[in-house]
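Asker: Take this structure, written in structure tokens, and hold onto it; I'll ask about it next.
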There are 4 protein chains.
Amino acid sequence: MALAWPEEKPAEACGLIGIYGAPQAASLIYQGLFSLQHRGQEGVGVVVGDGSRVRSTKGLGLVNDVITAEALRGLPGHLGIGHVRYSTTGSGRLQNVQPLVVECQDGIWAVAHNGNLINAKALRQMYQQAGAIFQTSTDSEVLVHLLADPMYRERPHRAARALRELQGAFAYLLMTKDCVMAARDPRGFKPLSIGRLGKSYVFASETCALAQMGATYLRDVRPGELVVADATGLNSSFFCEPLSPPAECIFELVYFARPDSIVFGESVHTVRRMLGRRLAEEQPAQADIVIPVPDSGNSAALGFSQGSGIPLDYGFIRNHYVGRTFIMPESAQRSSSVDLKLAVVTDVVKGKRIVVVDDSVIRGTTSRQRVAALRAAGAREIHLRIASPPTMHPCFFGIDFPTREELIAGTRSVEQVAEFIGVESLGYISLEGLLSPLKEPASFCAACFSGKYPLDVSQMQGKLALENYSPLLNLNP
Amino acid sequence: MALAWPEEKPAEACGLIGIYGAPQAASLIYQGLFSLQHRGQEGVGVVVGDGSRVRSTKGLGLVNDVITAEALRGLPGHLGIGHVRYSTTGSGRLQNVQPLVVECQDGIWAVAHNGNLINAKALRQMYQQAGAIFQTSTDSEVLVHLLADPMYRERPHRAARALRELQGAFAYLLMTKDCVMAARDPRGFKPLSIGRLGKSYVFASETCALAQMGATYLRDVRPGELVVADATGLNSSFFCEPLSPPAECIFELVYFARPDSIVFGESVHTVRRMLGRRLAEEQPAQADIVIPVPDSGNSAALGFSQGSGIPLDYGFIRNHYVGRTFIMPESAQRSSSVDLKLAVVTDVVKGKRIVVVDDSVIRGTTSRQRVAALRAAGAREIHLRIASPPTMHPCFFGIDFPTREELIAGTRSVEQVAEFIGVESLGYISLEGLLSPLKEPASFCAACFSGKYPLDVSQMQGKLALENYSPLLNLNP
Amino acid sequence: MALAWPEEKPAEACGLIGIYGAPQAASLIYQGLFSLQHRGQEGVGVVVGDGSRVRSTKGLGLVNDVITAEALRGLPGHLGIGHVRYSTTGSGRLQNVQPLVVECQDGIWAVAHNGNLINAKALRQMYQQAGAIFQTSTDSEVLVHLLADPMYRERPHRAARALRELQGAFAYLLMTKDCVMAARDPRGFKPLSIGRLGKSYVFASETCALAQMGATYLRDVRPGELVVADATGLNSSFFCEPLSPPAECIFELVYFARPDSIVFGESVHTVRRMLGRRLAEEQPAQADIVIPVPDSGNSAALGFSQGSGIPLDYGFIRNHYVGRTFIMPESAQRSSSVDLKLAVVTDVVKGKRIVVVDDSVIRGTTSRQRVAALRAAGAREIHLRIASPPTMHPCFFGIDFPTREELIAGTRSVEQVAEFIGVESLGYISLEGLLSPLKEPASFCAACFSGKYPLDVSQMQGKLALENYSPLLNLNP
Amino acid sequence: MALAWPEEKPAEACGLIGIYGAPQAASLIYQGLFSLQHRGQEGVGVVVGDGSRVRSTKGLGLVNDVITAEALRGLPGHLGIGHVRYSTTGSGRLQNVQPLVVECQDGIWAVAHNGNLINAKALRQMYQQAGAIFQTSTDSEVLVHLLADPMYRERPHRAARALRELQGAFAYLLMTKDCVMAARDPRGFKPLSIGRLGKSYVFASETCALAQMGATYLRDVRPGELVVADATGLNSSFFCEPLSPPAECIFELVYFARPDSIVFGESVHTVRRMLGRRLAEEQPAQADIVIPVPDSGNSAALGFSQGSGIPLDYGFIRNHYVGRTFIMPESAQRSSSVDLKLAVVTDVVKGKRIVVVDDSVIRGTTSRQRVAALRAAGAREIHLRIASPPTMHPCFFGIDFPTREELIAGTRSVEQVAEFIGVESLGYISLEGLLSPLKEPASFCAACFSGKYPLDVSQMQGKLALENYSPLLNLNP
């Protein structure tokens, strides 16, 4: 009877916060994670150090539920890292909540990861063959084995050597008892920004967290770069030269990132608004009003209205008290067109020809339900406009898309999708159009739309390859 | 260290849901309360009956936290009422959570109340004098003593007789083991709507709840009317003739009600949008963009943009994961301009002349903080426009406004308020303008703006008169 | 799958603690209730006052779970009362947890009750007829209506007048903002002792609580007496002359009270030990060892061993980690003779002729199960000896016995009971024997054994009369 | 203000349960752990398998709190192991709760351990040197690294090879997806018994758990033996020949084990009773009554009474509702002689010459407090008799004794101890006497009394050597 909210959007891997040099590192990490909550709602962890001791707290749930005032009091120290983890069915358990904290020969290492390693399974097998034991079902754990590997350990620049072995997408924050390190993979799939707050340095997946923490945005960690914050300040080196083609994830701009963030050098809201304008040119519609699907379609709908001259209005109202679950009544009286998150403003849509603007369509089932709700409220015509191209291909680098069969555009034409959703017309922006507002379009990976992957993925069996492989998945909590 | 969220807006008293004739009354009440959550976040209660037995559940917290699937399974029955209660400091305790459920001579009565009774203290003293005992510190409890009073009990129409004794503002839902009743005070201060869902009848404070439950809006309960839903259907009578002047609360349209509701016969979003247009005429501004304070300013900002021709943009982003408390770091590094709920989109506001549109200004402190955040992000000019007149007078009918001294407009001129908030200009809509979009402006109470109260309040000492009086306030939980 | 522990013994009504004049009244009440926990495990409440304000906390569960350090910090004051409530199926809900705290014309009254009023239903109906409302399903609530009744209120000695109206069994603690009162019914059914701790006065259902609190036992509250502790000291008066016959509950000595308490002037352990000696005389047995059923049979088994010369041994071991529930496996492999609370010491019982001594037999099912466990461990002969006569009659004064049909001795001969339980022989002490060690045997009620009730109960329909009557029973929590 | 209960006794390491071949393995493990709860109250874990998948649940707290009905439903399977862990200050965290469950090259291994490895630190350093990472601060984790070590893995009998590397005290239960293994160290420090339940095999630290599960005791796992239960039945081999001298822990018989268990072939209750008899011979006293310190002194007091002819009585009553913490009032009124767990029965002790029998004296502070309580209740003379010799030496094999300085007998004469505790006389049983009732006295380790350790412990720095070493200690939860 209790249902999870419909997951109409793909799940992001996670959000990272790191800080070095602030008296109350844990409080600042808490604030930073709070503003990255949209990147992961399943679990949260914080690890801090005071130069000699390392302390941590972890839990399943939202930042505000897990990190209590009492927990913060128990986490003194001036450096630390934190992590929010996304929610998927089945693989959620406390053991997998990051940062991982382990002890190896030279002491404690804490590790937080955003992304997906395509050679994690091979590395795991290699280390298990050599006698290693694993305690989570995440791909992130291989890095700690690389860090502990005597082969890398004896040489200088151990972290750099270990990172060099990883293939795939990663933003990593590492921590020892006296330093915090940040690294991005050599193609730059995942975002990671650097900020300054007084005398301390901050790392965050998105700049909106820097603003929340009161920090000033300095720059992004560069692809292949390893940035070390410690008592000597901020030190940069490259564990690997940036690889070509670069592969910054376009979906961060399409959907994941918060509109007030700057990601990969682009203002998220501005890009989305420009996509809306372009969409109005590419896919015009005869209509009385433009309405967004809140909140992901807000910026593009504004742009569409500006580009088309059709007035914007608010046809959907979002319920702010949506929690993790809702108890669905089994009553037959319940109309299937009633939505849990969004309510229709009848007075706005009744008798109108409407352009509905959304950022993307994944499975199409939620769009279909919402279109039905508009229709039930008296909308005369519904024209759906999408500010990204048809999502047709799986992601192997950290986005939890459904399989191609489940992606509605994966196996159907635009006309078939329009029919399924039940709209008078459906228009997607072109791939060209999607890239048009970007300063450096060539630096992005748009494989989910184009199918052109930045590296060879012929051997990948999807995101869950490692999890399917690991027998540790069934352990609770 | 743990702070409640700043309460920049006045607190509404509560939200009511009632239903008669549905197989799973509790599930529907749950859904209805869920969409009235904005009217009260402190506590929630549900009482249902199956014709012979009455069962209930109550708790402090949000609907989704208190009403579990297990609780719903323990609440069979086809009739029931539910209540969400607002949050104030100090007076929140389980004993006060409604519906009140009591036993008197003829069995169980359950009572849920929205509003404020101005003769509650006098009635309470009268009954205590006669030997009655009270178990809550709410004004709502006097009604159950009236219902149980043999003087009214012996005559027909007991509920009507009891309601006739009450003075002030009320929407009441009453329930016995086999019927649900709904009543509004004779001036109609508080909203209460009637809907139909299949063969069952539904009552709700706002029509957005009817939509969530899948019910069709029939009409409002009329001032002075007592509507009884039982096995014979829906029966109407008047316990009192409607009094003049009518006094429907204008603040429901200004702020409290959800935009997708119809309240007092008006579409909330449409009224607010029209207020924005009128505001643009009355208080024009030279600016580059119009931005709303989300979500309460959304509709009016849209209207202002349409009326002024100045483009709308989204300068604030709302954090959707805001919970009940946030642990405020004590660090001196934290800038006071960082907001918890709203984040500024720097790219939108930088270098711009901005019109900020909000629904009302109460204390002014939150507006001031947000203006500072815009300024910090580079806004060139900030012109604040308010879609209601200056809020200057206390409410004695259920709105938890601060005292006149705490109301920033209560003791200062518009120029002084503008200076306090820190804007280049400040403009409020006129009282005339506020009433201009309404079909029946004369039916509204706008005393918080005008000081003209619909009935004599010379003896009132504020909303907390009863609570200050009652020694039961200190009991926990 | 989760089962409550088998309730092989009747449930006691509750335990009371009161104190006047100690700086940290709440802490001392907590300690006192902690040592009265055996009298009630369902719920606990504490109310304290500092002379002007009254504060309380309540909850379902054990003292140690409900009364936290944080709760104690929120309960300043030098006077207060507390209550532990017993567990029954179905009627457990927070609303019924005592002390009741109400406001009437002259302020706060808090009330805690042990016992059963046989005219509660009549009083409730009378007051409801007059317009009163009730919020619990307990019989205890009628007293607060009597206290608030203007008829008694206008005269001096209101509490005395109100208490005089009650019929049945009661020990009551009452509290206003500046005094604590203690009263026992005129026949003295329920125990209530007075102690002194420094300059403060303490009331407790059993003297073991006085010892735990560090107080010295002064005397018992007398039947019909009202003792008031306030700033002037301890003041005694009689609201009613003691009635004849007196009716102190013999079952307190048989089972309820803790062995280290003095109850009704008798040392509980010593009485039980003497009953064991007498039992050995009345019901001798040829056996190798005497074993108690711990802990209720410990004292009597010691006496039986001393009286018979048969060596004592420990054939049962009690599991100290028994909680409220145990998840019973459904496996067919589980032998039905495995007990949850008591384990058999095989080495002690194997091949032996055993006398098992217990305090009473109620339903007989638990005894049967334990006899089977002894048999399975190799006991050769089992002779069950009971340190009270056959329990054959219901109690109308506060003991939650099963109905006569469920009482195994209610409808069967001793031989039939022996056969049901599965023992070689069964012997009960005689009623004469039961009374033999008592200093004033005539002051006791032994109606559950003799059927001779101290007052007319012909109209009583059992303990649940009121609860069956009250529709408030179904309310949760 | 909240204090832990005084830990007057040393803490045992833990309790183990394993089962192979039962349809509902988890339910049976739950029952078994429930009756081993006295061996560890800090945390509990259960791991089960159904032949292909392995599932687990863990938590801090008592068995009945952590293992819910819902948890059991999520743990299907026919084989499994479980563990209860003892409570110490500071090192309690979820990460350390066993069974450890890890993945290595050949799949899942789950490991549960009772005892202390004296070469754990050396092994940990060796593996960390080789690149291994550790996630707990327990000594038990080294075994999983040995199991995963390719050196042992390539050869047959991997578990045997790994176990052979361990030095110190251990009973281990190991589990893979299709078998359960049990092993004891070659000197047999720790108990581990084998039982049969229908067609399934059961392992348990004590036989009382076998009885609770309905299983029949077969025999003990032998020192150096590895017993494997799988689809082929029960298979025994020796990973090491039993070493001389054998070293079964005498303290299991003195204090740890439940009286209804058979441990190391001895009936615990019978041994303790015989120790009481011997003690009466060795250390006679002129007294009126013998009273036990419940429950640890119960059996010996019975024997003392039998041996001396002095009547037994119950001078202390144990409070059964003692939880994990008790909020200690700071009031000065509180007498220091009031005990939390035990209450004095004044009527028993007043004016008497008393022999108090206890199993052991560790710090002496609790004994002193209890003697004071007896004295306050009027005891005339108090003669303390201890059914074990003076505890003078630390244990390196799993018992959490205080240091020699904290052991009251470590640095004081018997006379000095008697004076500290405040008794008229104090008598310990002799080492000879302690061993006298045992069938094979030479097979026991009594180093805590004699100082003669069964193996070289010159390099040990106490139990916490590893925990002090590991930086993982500070992690919560």
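The chains in the structure tokens are called A, B, ... from first to last as shown; in each chain the residues are counted from 1, and the ligands are counted from 1 in the order shown.
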Using only C-alpha atoms, determine which residues of chain A fall within 6 Å of chain D; present them as a ChimeraX atom specification.

Answerer: /A:55-57,102-105,128-131,133-135,148-150,474-476

Asker: Please dump the current selection as a PDB file, in the first residue's frame; keep C-alpha atoms.

Answerer:
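Final output, saved to result.pdb:
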ATOM      1  CA  ARG A  55      35.694  10.561  13.043  1.00  0.00           C
ATOM      2  CA  SER A  56      32.611   9.837  10.963  1.00  0.00           C
ATOM      3  CA  THR A  57      28.857   9.501  10.914  1.00  0.00           C
ATOM      4  CA  VAL A 102      39.384   2.091   5.891  1.00  0.00           C
ATOM      5  CA  GLU A 103      42.622   1.473   7.627  1.00  0.00           C
ATOM      6  CA  CYS A 104      45.622   0.342   5.667  1.00  0.00           C
ATOM      7  CA  GLN A 105      49.304   0.268   6.289  1.00  0.00           C
ATOM      8  CA  GLN A 128      40.361 -10.633  -4.912  1.00  0.00           C
ATOM      9  CA  GLN A 129      42.599 -13.021  -6.806  1.00  0.00           C
ATOM     10  CA  ALA A 130      45.478 -11.575  -4.798  1.00  0.00           C
ATOM     11  CA  GLY A 131      43.633 -12.067  -1.521  1.00  0.00           C
ATOM     12  CA  ILE A 133      38.417  -8.738   0.749  1.00  0.00           C
ATOM     13  CA  PHE A 134      35.593  -6.361  -0.109  1.00  0.00           C
ATOM     14  CA  GLN A 135      32.889  -5.137   2.225  1.00  0.00           C
ATOM     15  CA  ALA A 148      46.771   0.253  -0.188  1.00  0.00           C
ATOM     16  CA  ASP A 149      48.586  -1.673  -2.890  1.00  0.00           C
ATOM     17  CA  PRO A 150      52.282  -1.914  -1.958  1.00  0.00           C
ATOM     18  CA  ASN A 474      21.615  -8.643  -0.061  1.00  0.00           C
ATOM     19  CA  LEU A 475      22.968  -7.470   3.235  1.00  0.00           C
ATOM     20  CA  ASN A 476      20.839  -5.183   5.360  1.00  0.00           C
TER      21      ASN A 476
END

Asker: Can you list, as a list in words, every protein, DNA or RNA residue that comes within 6 Å of Pro389 in chain C when you count only C-alpha atoms, leaving out same-chain residues fewer than 3 positions away?

Answerer: Tyr428, Ile429, Ser430 and Leu431 of chain C

Asker: How would the residues just chosen look if you wrote them out with all heavy atoms as an mmCIF file, in the first residue's frame?

Answerer:
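Generated output (selection.cif):
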data_model
loop_
_atom_site.group_PDB
_atom_site.id
_atom_site.type_symbol
_atom_site.label_atom_id
_atom_site.label_comp_id
_atom_site.auth_asym_id
_atom_site.auth_seq_id
_atom_site.Cartn_x
_atom_site.Cartn_y
_atom_site.Cartn_z
ATOM 1 N N TYR C 428 -3.114 -27.470 47.354
ATOM 2 C CA TYR C 428 -3.247 -26.044 47.653
ATOM 3 C C TYR C 428 -3.242 -25.861 49.161
ATOM 4 O O TYR C 428 -3.728 -26.713 49.918
ATOM 5 C CB TYR C 428 -4.588 -25.511 47.160
ATOM 6 C CG TYR C 428 -4.792 -25.427 45.671
ATOM 7 C CD1 TYR C 428 -5.373 -26.478 44.975
ATOM 8 C CD2 TYR C 428 -4.459 -24.274 44.974
ATOM 9 C CE1 TYR C 428 -5.613 -26.386 43.609
ATOM 10 C CE2 TYR C 428 -4.703 -24.164 43.606
ATOM 11 C CZ TYR C 428 -5.276 -25.230 42.927
ATOM 12 O OH TYR C 428 -5.515 -25.119 41.584
ATOM 13 N N ILE C 429 -2.781 -24.720 49.614
ATOM 14 C CA ILE C 429 -2.945 -24.372 51.020
ATOM 15 C C ILE C 429 -4.426 -24.081 51.266
ATOM 16 O O ILE C 429 -5.152 -23.692 50.339
ATOM 17 C CB ILE C 429 -2.065 -23.148 51.392
ATOM 18 C CG1 ILE C 429 -1.790 -23.121 52.897
ATOM 19 C CG2 ILE C 429 -2.722 -21.847 50.958
ATOM 20 C CD1 ILE C 429 -0.742 -22.084 53.300
ATOM 21 N N SER C 430 -4.885 -24.281 52.490
ATOM 22 C CA SER C 430 -6.281 -23.982 52.826
ATOM 23 C C SER C 430 -6.456 -22.474 53.053
ATOM 24 O O SER C 430 -5.472 -21.751 53.233
ATOM 25 C CB SER C 430 -6.674 -24.710 54.105
ATOM 26 O OG SER C 430 -5.903 -24.192 55.183
ATOM 27 N N LEU C 431 -7.693 -22.021 53.018
ATOM 28 C CA LEU C 431 -7.956 -20.612 53.296
ATOM 29 C C LEU C 431 -7.500 -20.273 54.707
ATOM 30 O O LEU C 431 -6.892 -19.219 54.954
ATOM 31 C CB LEU C 431 -9.457 -20.319 53.121
ATOM 32 C CG LEU C 431 -9.897 -18.868 53.316
ATOM 33 C CD1 LEU C 431 -9.138 -17.928 52.401
ATOM 34 C CD2 LEU C 431 -11.395 -18.738 53.079
#

Asker: So that I can check the surroundings of Gly195 in chain A, please list as a list in words every protein, DNA and RNA residue that reaches within 7 Å of it, counting only C-alpha atoms and ignoring chain neighbours fewer than 2 positions away.

Answerer: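 Contacts, with the query itself left out: Ser193, Leu197, Tyr201, Val202, Phe203, Leu210, Ala215, Thr216, Tyr217 and Leu218 of chain A.
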
Asker: Write the residues of the selection above to a file with N, CA, C and O atoms, as a PDB file, in the first residue's frame.

Answerer:
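Once everything was written out, this is selection-v9.pdb:
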ATOM      1  N   SER A 193      34.003  21.369  -8.322  1.00  0.00           N
ATOM      2  CA  SER A 193      34.443  22.762  -8.298  1.00  0.00           C
ATOM      3  C   SER A 193      35.267  23.043  -7.050  1.00  0.00           C
ATOM      4  O   SER A 193      35.168  22.337  -6.055  1.00  0.00           O
ATOM      5  N   LEU A 197      36.890  29.823   1.219  1.00  0.00           N
ATOM      6  CA  LEU A 197      36.072  30.389   2.294  1.00  0.00           C
ATOM      7  C   LEU A 197      37.031  30.857   3.382  1.00  0.00           C
ATOM      8  O   LEU A 197      37.580  30.041   4.129  1.00  0.00           O
ATOM      9  N   TYR A 201      39.864  25.888   1.980  1.00  0.00           N
ATOM     10  CA  TYR A 201      39.507  25.507   0.624  1.00  0.00           C
ATOM     11  C   TYR A 201      38.362  24.508   0.654  1.00  0.00           C
ATOM     12  O   TYR A 201      38.305  23.649   1.533  1.00  0.00           O
ATOM     13  N   VAL A 202      37.482  24.657  -0.327  1.00  0.00           N
ATOM     14  CA  VAL A 202      36.281  23.844  -0.367  1.00  0.00           C
ATOM     15  C   VAL A 202      36.173  23.171  -1.727  1.00  0.00           C
ATOM     16  O   VAL A 202      36.513  23.785  -2.750  1.00  0.00           O
ATOM     17  N   PHE A 203      35.711  21.919  -1.744  1.00  0.00           N
ATOM     18  CA  PHE A 203      35.393  21.227  -2.994  1.00  0.00           C
ATOM     19  C   PHE A 203      33.911  20.867  -2.986  1.00  0.00           C
ATOM     20  O   PHE A 203      33.384  20.471  -1.943  1.00  0.00           O
ATOM     21  N   LEU A 210      28.828  25.795  -2.860  1.00  0.00           N
ATOM     22  CA  LEU A 210      29.791  26.825  -2.440  1.00  0.00           C
ATOM     23  C   LEU A 210      29.050  28.051  -1.930  1.00  0.00           C
ATOM     24  O   LEU A 210      29.376  28.605  -0.874  1.00  0.00           O
ATOM     25  N   ALA A 215      31.157  30.298   0.419  1.00  0.00           N
ATOM     26  CA  ALA A 215      32.465  30.262  -0.229  1.00  0.00           C
ATOM     27  C   ALA A 215      32.405  30.918  -1.607  1.00  0.00           C
ATOM     28  O   ALA A 215      31.347  31.012  -2.230  1.00  0.00           O
ATOM     29  N   THR A 216      33.549  31.338  -2.071  1.00  0.00           N
ATOM     30  CA  THR A 216      33.667  31.934  -3.397  1.00  0.00           C
ATOM     31  C   THR A 216      34.191  30.886  -4.383  1.00  0.00           C
ATOM     32  O   THR A 216      35.129  30.156  -4.076  1.00  0.00           O
ATOM     33  N   TYR A 217      33.556  30.837  -5.548  1.00  0.00           N
ATOM     34  CA  TYR A 217      33.958  29.871  -6.576  1.00  0.00           C
ATOM     35  C   TYR A 217      35.287  30.292  -7.191  1.00  0.00           C
ATOM     36  O   TYR A 217      35.415  31.433  -7.681  1.00  0.00           O
ATOM     37  N   LEU A 218      36.284  29.394  -7.173  1.00  0.00           N
ATOM     38  CA  LEU A 218      37.569  29.716  -7.807  1.00  0.00           C
ATOM     39  C   LEU A 218      37.631  29.174  -9.222  1.00  0.00           C
ATOM     40  O   LEU A 218      37.767  29.898 -10.189  1.00  0.00           O
TER      41      LEU A 218
END

Asker: I'd like the contact shell of range 21-29 of chain B - 7 Å cut-off, only C-alpha atoms, skipping same-chain residues fewer than 3 positions apart - returned as a PyMOL selection string.

Answerer: (chain A and resi 329+331) or (chain B and resi 17-18+32-33+48+72+75-82+199-201+213)

Asker: Run DSSP on the backbone of this structure and report the residues of range 317-416 of chain B it assigns to strand (DSSP E or B), as a PyMOL selection string.

Answerer: chain B and resi 317-318+325-327+342-344+353-358+381-386+400

Asker: Name the closest residue to Phe34 in chain B among the candidates B:Arg196, B:Arg93, B:Arg368, B:His83; distances are taken between atoms, counting only C-alpha atoms.

Answerer: B:His83

Asker: Taking the backbone alone, and naming residues the way the document does, which bits of range 48-230 of chain D are helix (DSSP H, G or I) by DSSP, as number ranges by chain?

Answerer: D: 63-66, 69-73, 94-96, 120-129, 139-148, 150-153, 158-164, 207-213

Asker: Calculate how many Å separate CA of Ile386 in chain D from CA of Arg273 in chain D, rounding to one decimal.

Answerer: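 According to the coordinates, CA of Ile386 in chain D and CA of Arg273 in chain D are separated by 12.3 Å.
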
Asker: Set the distance at 9 Å and use only C-alpha atoms: which residues neighbour Thr365 in chain A once local chain neighbours fewer than 3 positions away are removed? I'd like the list as a count of residues only.

Answerer: 9

Asker: Can you pull out every residue within 7 Å of range 255-266 of chain C, counting only C-alpha atoms, but drop anything in the same chain fewer than 6 positions away, and send it as a list in words?

Answerer: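 The contact residues come out as Glu12, Pro191, Glu206, Thr207, Cys208, Ser296 and Asp359 of chain C; Ile317, Val344, Val345 and Thr346 of chain D.
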
Asker: So how far away is CA of Gly40 in chain A from CA of Pro454 in chain A, in Å?

Answerer: 25.4 Å
